[in-house]
>>> print(open('target_28.csv').read())   # CSV, C-alpha atoms
chain,number,residue,atom,x,y,z
A,53,MET,CA,-64.1,26.2,69.0
A,54,ALA,CA,-61.2,26.3,66.5
A,55,TYR,CA,-58.0,24.3,66.4
A,56,LEU,CA,-54.6,25.0,65.1
A,57,CYS,CA,-51.2,23.3,65.3
A,58,GLY,CA,-47.6,23.9,64.5
A,59,LEU,CA,-45.1,26.2,66.1
A,60,HIS,CA,-45.6,29.3,64.0
A,61,ALA,CA,-49.3,29.2,64.2
A,62,VAL,CA,-49.3,28.6,68.0
A,63,SER,CA,-46.7,31.4,68.6
A,64,ALA,CA,-48.9,33.8,66.6
A,65,LEU,CA,-51.9,32.8,68.7
A,66,LEU,CA,-50.1,33.3,72.0
A,67,GLY,CA,-49.1,36.8,70.8
A,68,SER,CA,-52.6,37.7,69.7
A,69,GLN,CA,-54.9,39.9,71.7
A,70,ARG,CA,-58.0,39.3,69.5
A,71,MET,CA,-58.1,35.5,70.0
A,72,LYS,CA,-58.9,33.8,73.3
A,73,ILE,CA,-56.9,30.6,73.8
A,74,GLN,CA,-58.8,27.8,75.6
A,75,ARG,CA,-56.1,25.2,75.8
A,76,LEU,CA,-52.5,24.6,74.7
A,77,LEU,CA,-51.7,21.0,73.8
A,78,VAL,CA,-48.1,19.8,73.9
A,79,GLU,CA,-46.6,16.4,73.2
A,80,ARG,CA,-44.7,15.1,76.2
A,81,SER,CA,-41.6,14.4,74.1
A,82,LYS,CA,-41.6,18.1,73.0
A,83,SER,CA,-42.4,19.7,76.3
A,84,GLN,CA,-38.8,20.9,76.9
A,85,GLN,CA,-38.5,22.2,73.4
A,86,TYR,CA,-41.7,24.3,73.8
A,87,LYS,CA,-41.0,25.4,77.4
A,88,GLN,CA,-41.3,29.1,76.4
A,89,GLN,CA,-44.7,28.6,74.8
A,90,ILE,CA,-45.9,26.6,77.8
A,91,THR,CA,-44.8,29.4,80.2
A,92,GLN,CA,-46.4,32.1,78.0
A,93,ALA,CA,-49.7,30.2,77.9
A,94,LYS,CA,-49.7,29.7,81.6
A,95,GLY,CA,-49.0,33.4,82.0
A,96,LEU,CA,-52.1,34.1,79.9
A,97,GLY,CA,-54.2,31.9,82.3
A,98,CYS,CA,-54.6,29.3,79.6
A,99,ARG,CA,-54.9,25.6,80.4
A,100,VAL,CA,-51.9,23.5,79.3
A,101,ASP,CA,-52.2,19.8,78.7
A,102,ILE,CA,-49.0,17.7,78.2
A,103,LEU,CA,-50.1,14.6,76.3
A,104,PRO,CA,-48.3,11.4,75.2
A,105,ASP,CA,-49.3,12.0,71.6
A,106,LEU,CA,-51.2,14.6,69.6
A,107,SER,CA,-52.1,12.3,66.7
A,108,GLN,CA,-55.7,11.9,68.0
A,109,GLN,CA,-56.3,15.6,68.3
A,110,PHE,CA,-54.7,16.6,64.9
A,111,ARG,CA,-55.3,13.7,62.6
A,112,GLY,CA,-53.5,13.9,59.3
A,113,SER,CA,-51.7,17.2,60.3
A,114,ARG,CA,-48.1,17.8,60.8
A,115,HIS,CA,-48.6,19.2,64.3
A,116,GLN,CA,-44.9,19.5,65.3
A,117,GLY,CA,-45.9,18.4,68.8
A,118,ILE,CA,-47.8,21.5,69.6
A,119,GLY,CA,-51.4,22.7,69.1
A,120,ALA,CA,-54.2,24.8,70.6
A,121,GLU,CA,-57.9,25.2,71.0
A,122,PHE,CA,-59.2,28.7,70.7
A,123,ASP,CA,-62.1,31.0,69.9
A,124,PHE,CA,-61.5,32.4,66.4
A,125,VAL,CA,-62.8,36.0,66.1
A,126,TRP,CA,-63.7,37.4,62.8
A,127,ALA,CA,-62.7,41.1,62.5
A,128,ASP,CA,-65.4,43.7,62.4
A,129,ARG,CA,-65.8,45.4,59.0
A,130,SER,CA,-64.9,48.7,60.6
A,131,VAL,CA,-61.3,47.6,60.4
A,132,LEU,CA,-61.6,48.2,56.6
A,133,PHE,CA,-62.3,51.9,57.2
A,134,ASP,CA,-59.8,52.6,60.1
A,135,SER,CA,-57.3,54.2,57.8
A,136,PRO,CA,-57.8,56.0,54.5
A,137,ASN,CA,-54.7,54.3,53.2
A,138,ALA,CA,-55.3,50.8,54.6
A,139,LEU,CA,-53.9,48.0,52.5
A,140,VAL,CA,-56.7,45.5,52.1
A,141,LEU,CA,-56.4,42.1,50.3
A,142,VAL,CA,-59.7,41.1,48.7
A,143,LEU,CA,-60.2,37.3,48.2
A,144,ASP,CA,-63.2,36.3,46.2
A,145,ARG,CA,-64.2,32.6,46.2
A,146,ILE,CA,-60.9,31.1,47.2
A,147,GLN,CA,-62.1,27.5,47.8
A,148,ASP,CA,-59.0,25.5,48.5
A,149,PRO,CA,-58.0,25.8,52.2
A,150,HIS,CA,-54.3,25.5,51.4
A,151,ASN,CA,-54.5,28.4,48.9
A,152,PHE,CA,-56.5,30.4,51.4
A,153,GLY,CA,-53.9,29.8,54.1
A,154,ALA,CA,-51.1,30.7,51.6
A,155,CYS,CA,-52.9,34.0,50.8
A,156,LEU,CA,-53.2,34.8,54.5
A,157,ARG,CA,-49.5,33.9,55.1
A,158,SER,CA,-48.5,36.3,52.2
A,159,ALA,CA,-50.8,39.0,53.6
A,160,ALA,CA,-49.1,38.8,57.0
A,161,ALA,CA,-45.6,38.9,55.3
A,162,PHE,CA,-46.5,42.0,53.2
A,163,GLY,CA,-48.1,43.9,56.0
A,164,VAL,CA,-51.7,43.9,54.8
A,165,ASP,CA,-54.0,45.7,57.2
A,166,ALA,CA,-57.0,43.4,56.6
A,167,VAL,CA,-58.3,40.6,54.4
A,168,LEU,CA,-61.8,40.7,53.0
A,169,ILE,CA,-63.5,37.5,52.0
A,170,SER,CA,-67.0,36.5,50.8
A,171,GLU,CA,-69.2,34.5,53.2
A,172,ARG,CA,-70.3,32.4,50.3
A,173,GLY,CA,-68.1,30.4,48.0
A,174,SER,CA,-65.0,30.8,50.2
A,175,ALA,CA,-63.1,28.0,52.0
A,176,PRO,CA,-64.1,27.9,55.7
A,177,MET,CA,-61.6,29.0,58.3
A,178,THR,CA,-60.4,25.6,59.4
A,179,GLU,CA,-57.3,24.0,61.0
A,180,VAL,CA,-55.9,23.4,57.5
A,181,VAL,CA,-56.1,27.2,56.8
A,182,HIS,CA,-54.6,28.1,60.1
A,183,GLN,CA,-51.7,25.7,59.6
A,184,ALA,CA,-51.1,26.7,56.0
A,185,SER,CA,-51.1,30.4,57.0
A,186,CYS,CA,-48.3,29.8,59.6
A,187,GLY,CA,-50.1,32.3,61.9
A,188,GLY,CA,-51.2,34.7,59.2
A,189,SER,CA,-54.8,33.9,59.9
A,190,ILE,CA,-54.2,35.1,63.5
A,191,LYS,CA,-52.0,38.1,62.7
A,192,VAL,CA,-54.1,39.7,60.0
A,193,PRO,CA,-57.7,40.7,60.7
A,194,VAL,CA,-60.1,38.7,58.4
A,195,VAL,CA,-63.4,40.2,57.6
A,196,SER,CA,-66.2,38.0,56.1
A,197,VAL,CA,-69.0,39.8,54.3
A,198,GLY,CA,-72.0,38.9,52.2
A,199,ASN,CA,-71.4,41.2,49.3
A,200,ILE,CA,-67.8,42.1,48.4
A,201,LYS,CA,-68.8,44.4,45.6
A,202,GLN,CA,-70.9,46.6,48.0
A,203,VAL,CA,-68.2,46.8,50.6
A,204,MET,CA,-65.5,47.7,48.0
A,205,SER,CA,-67.8,50.4,46.8
A,206,GLU,CA,-68.2,51.7,50.4
A,207,MET,CA,-64.4,51.6,50.8
A,208,ARG,CA,-63.8,53.6,47.6
A,209,ASP,CA,-66.3,56.2,48.7
>>> encode(input="target_28.csv", output="structure tokens")
Amino acid sequence: MAYLCGLHAVSALLGSQRMKIQRLLVERSKSQQYKQQITQAKGLGCRVDILPDLSQQFRGSRHQGIGAEFDFVWADRSVLFDSPNALVLVLDRIQDPHNFGACLRSAAAFGVDAVLISERGSAPMTEVVHQASCGGSIKVPVVSVGNIKQVMSEMRD
């Protein structure tokens, strides 16, 4: 189970067809402000919880009064070979979750088709990454592989 918070990240999640939302969490004081997201989540058959405060669920995060629980789905490596002219961002050993999120945010902004990361030595896909990416971690397929050099060679061929 993965968690994310913040309006942009939640909006990207609600618009994603790859990720399965388990629960939308909204602060009671923000329920009118996020009425559209609540309606959208209910339309998707997602459980919506209106809570007095989200500080317990998202400790230390600037949650903006909205968050979600969901099943993060790594992209299949076949996405790297879908198009001969696919724009792929290769990230090797990005260890800081804020930097990883910023790279994913930029990838989404520049229309990158997929992001390739190494299983070892990379920051794990966490709530911090999702929030720093402002939805980029949801919009852009992320492929995690054991050997980047081998996959890049396969892509070149």
>>> closest_residue(input="target_28.csv", among="A:Leu143, A:Ala120, A:Ile90, A:Ala64", to="A:Leu76", atoms="only C-alpha atoms")
A:Ala120
>>> atom_distance(input="target_28.csv", atom1="atom CA of A:Ser170", atom2="atom CA of A:Phe122")
22.8 Å
>>> closest_residue(input="target_28.csv", among="A:Leu96, A:Leu132, A:Leu77, A:Cys186", to="A:Ala161", atoms="all atoms listed in the file")
A:Cys186
>>> atom_distance(input="target_28.csv", atom1="atom CA of A:Gln85", atom2="atom CA of A:Phe124")
26.1 Å
>>> closest_residue(input="target_28.csv", among="A:Cys155, A:Met177, A:Leu139, A:Cys57", to="A:Met207", atoms="all atoms listed in the file")
A:Leu139
>>> closest_residue(input="target_28.csv", among="A:Phe110, A:Tyr55, A:Phe162, A:Trp126", to="A:Val194", atoms="all atoms listed in the file")
A:Trp126
>>> residues_around(input="target_28.csv", residues="A:Ser83", least_positions_apart="3", cutoff="12 Å", atoms="all atoms listed in the file", output="JSON, numbers by chain")
{"A": [76, 77, 78, 79, 80, 86, 87, 88, 89, 90, 91, 100, 101, 102, 103, 104, 105, 116, 117, 118, 119]}
>>> atom_distance(input="target_28.csv", atom1="atom CA of A:Ala93", atom2="atom CA of A:Ser189")
19.1 Å
>>> residues_near_point(input="target_28.csv", point="(-50.1, 24.3, 52.1)", cutoff="9 Å", atoms="all atoms listed in the file", output="count of residues only")
11
>>> closest_residue(input="target_28.csv", among="A:Gly173, A:Ala127, A:Leu141, A:Ile190", to="A:Ile73", atoms="all atoms listed in the file")
A:Ile190
>>> closest_residue(input="target_28.csv", among="A:Ala54, A:Val131, A:Leu66, A:Leu106", to="A:Pro193", atoms="all atoms listed in the file")
A:Val131
>>> residues_around(input="target_28.csv", residues="A:Arg145", least_positions_apart="5", cutoff="9 Å", atoms="all atoms listed in the file", output="ChimeraX atom specification")
/A:169-175
>>> residues_near_point(input="target_28.csv", point="(-57.0, 29.3, 74.2)", cutoff="6 Å", atoms="only C-alpha atoms", output="PDB file with C-alpha atoms, in the coordinates of the input")
ATOM      1  CA  LYS A  72     -58.900  33.800  73.300  1.00  0.00           C
ATOM      2  CA  ILE A  73     -56.900  30.600  73.800  1.00  0.00           C
ATOM      3  CA  GLN A  74     -58.800  27.800  75.600  1.00  0.00           C
ATOM      4  CA  ARG A  75     -56.100  25.200  75.800  1.00  0.00           C
ATOM      5  CA  CYS A  98     -54.600  29.300  79.600  1.00  0.00           C
ATOM      6  CA  GLU A 121     -57.900  25.200  71.000  1.00  0.00           C
ATOM      7  CA  PHE A 122     -59.200  28.700  70.700  1.00  0.00           C
TER       8      PHE A 122
END
>>> decode(input="target_28.csv", residues="stretch 165-179 of chain A", atoms="N, CA, C and O atoms", output="mmCIF file, in the first residue's frame")
data_model
loop_
_atom_site.group_PDB
_atom_site.id
_atom_site.type_symbol
_atom_site.label_atom_id
_atom_site.label_comp_id
_atom_site.auth_asym_id
_atom_site.auth_seq_id
_atom_site.Cartn_x
_atom_site.Cartn_y
_atom_site.Cartn_z
ATOM 1 N N ASP A 165 8.279 9.542 -22.070
ATOM 2 C CA ASP A 165 7.419 8.364 -22.215
ATOM 3 C C ASP A 165 7.587 7.368 -21.080
ATOM 4 O O ASP A 165 6.646 6.649 -20.737
ATOM 5 N N ALA A 166 8.783 7.280 -20.495
ATOM 6 C CA ALA A 166 9.037 6.345 -19.398
ATOM 7 C C ALA A 166 10.308 6.764 -18.661
ATOM 8 O O ALA A 166 11.179 7.416 -19.236
ATOM 9 N N VAL A 167 10.389 6.368 -17.399
ATOM 10 C CA VAL A 167 11.587 6.605 -16.584
ATOM 11 C C VAL A 167 12.140 5.246 -16.199
ATOM 12 O O VAL A 167 11.406 4.369 -15.746
ATOM 13 N N LEU A 168 13.421 5.075 -16.400
ATOM 14 C CA LEU A 168 14.109 3.826 -16.098
ATOM 15 C C LEU A 168 15.004 4.051 -14.889
ATOM 16 O O LEU A 168 15.829 4.974 -14.884
ATOM 17 N N ILE A 169 14.816 3.219 -13.853
ATOM 18 C CA ILE A 169 15.654 3.328 -12.657
ATOM 19 C C ILE A 169 16.241 1.967 -12.314
ATOM 20 O O ILE A 169 15.722 0.935 -12.725
ATOM 21 N N SER A 170 17.295 2.008 -11.517
ATOM 22 C CA SER A 170 17.940 0.794 -11.037
ATOM 23 C C SER A 170 17.260 0.328 -9.752
ATOM 24 O O SER A 170 16.896 1.148 -8.906
ATOM 25 N N GLU A 171 17.092 -0.979 -9.608
ATOM 26 C CA GLU A 171 16.503 -1.534 -8.380
ATOM 27 C C GLU A 171 17.385 -1.264 -7.172
ATOM 28 O O GLU A 171 16.901 -1.023 -6.078
ATOM 29 N N ARG A 172 18.686 -1.308 -7.381
ATOM 30 C CA ARG A 172 19.627 -1.111 -6.284
ATOM 31 C C ARG A 172 20.225 0.281 -6.351
ATOM 32 O O ARG A 172 20.563 0.781 -7.412
ATOM 33 N N GLY A 173 20.368 0.897 -5.185
ATOM 34 C CA GLY A 173 21.027 2.190 -5.110
ATOM 35 C C GLY A 173 20.127 3.373 -5.422
ATOM 36 O O GLY A 173 20.598 4.500 -5.459
ATOM 37 N N SER A 174 18.847 3.133 -5.653
ATOM 38 C CA SER A 174 17.915 4.218 -5.943
ATOM 39 C C SER A 174 17.008 4.457 -4.742
ATOM 40 O O SER A 174 16.727 3.542 -3.973
ATOM 41 N N ALA A 175 16.535 5.679 -4.622
ATOM 42 C CA ALA A 175 15.585 6.000 -3.554
ATOM 43 C C ALA A 175 14.328 5.166 -3.761
ATOM 44 O O ALA A 175 13.874 4.996 -4.895
ATOM 45 N N PRO A 176 13.753 4.644 -2.697
ATOM 46 C CA PRO A 176 12.512 3.879 -2.852
ATOM 47 C C PRO A 176 11.352 4.815 -3.199
ATOM 48 O O PRO A 176 11.393 6.014 -2.909
ATOM 49 N N MET A 177 10.337 4.264 -3.843
ATOM 50 C CA MET A 177 9.153 5.031 -4.212
ATOM 51 C C MET A 177 8.313 5.223 -2.950
ATOM 52 O O MET A 177 7.618 4.308 -2.515
ATOM 53 N N THR A 178 8.421 6.397 -2.354
ATOM 54 C CA THR A 178 7.750 6.672 -1.080
ATOM 55 C C THR A 178 6.805 7.858 -1.224
ATOM 56 O O THR A 178 6.739 8.507 -2.267
ATOM 57 N N GLU A 179 6.117 8.143 -0.131
ATOM 58 C CA GLU A 179 5.216 9.296 -0.061
ATOM 59 C C GLU A 179 5.964 10.592 -0.389
ATOM 60 O O GLU A 179 5.432 11.478 -1.057
#
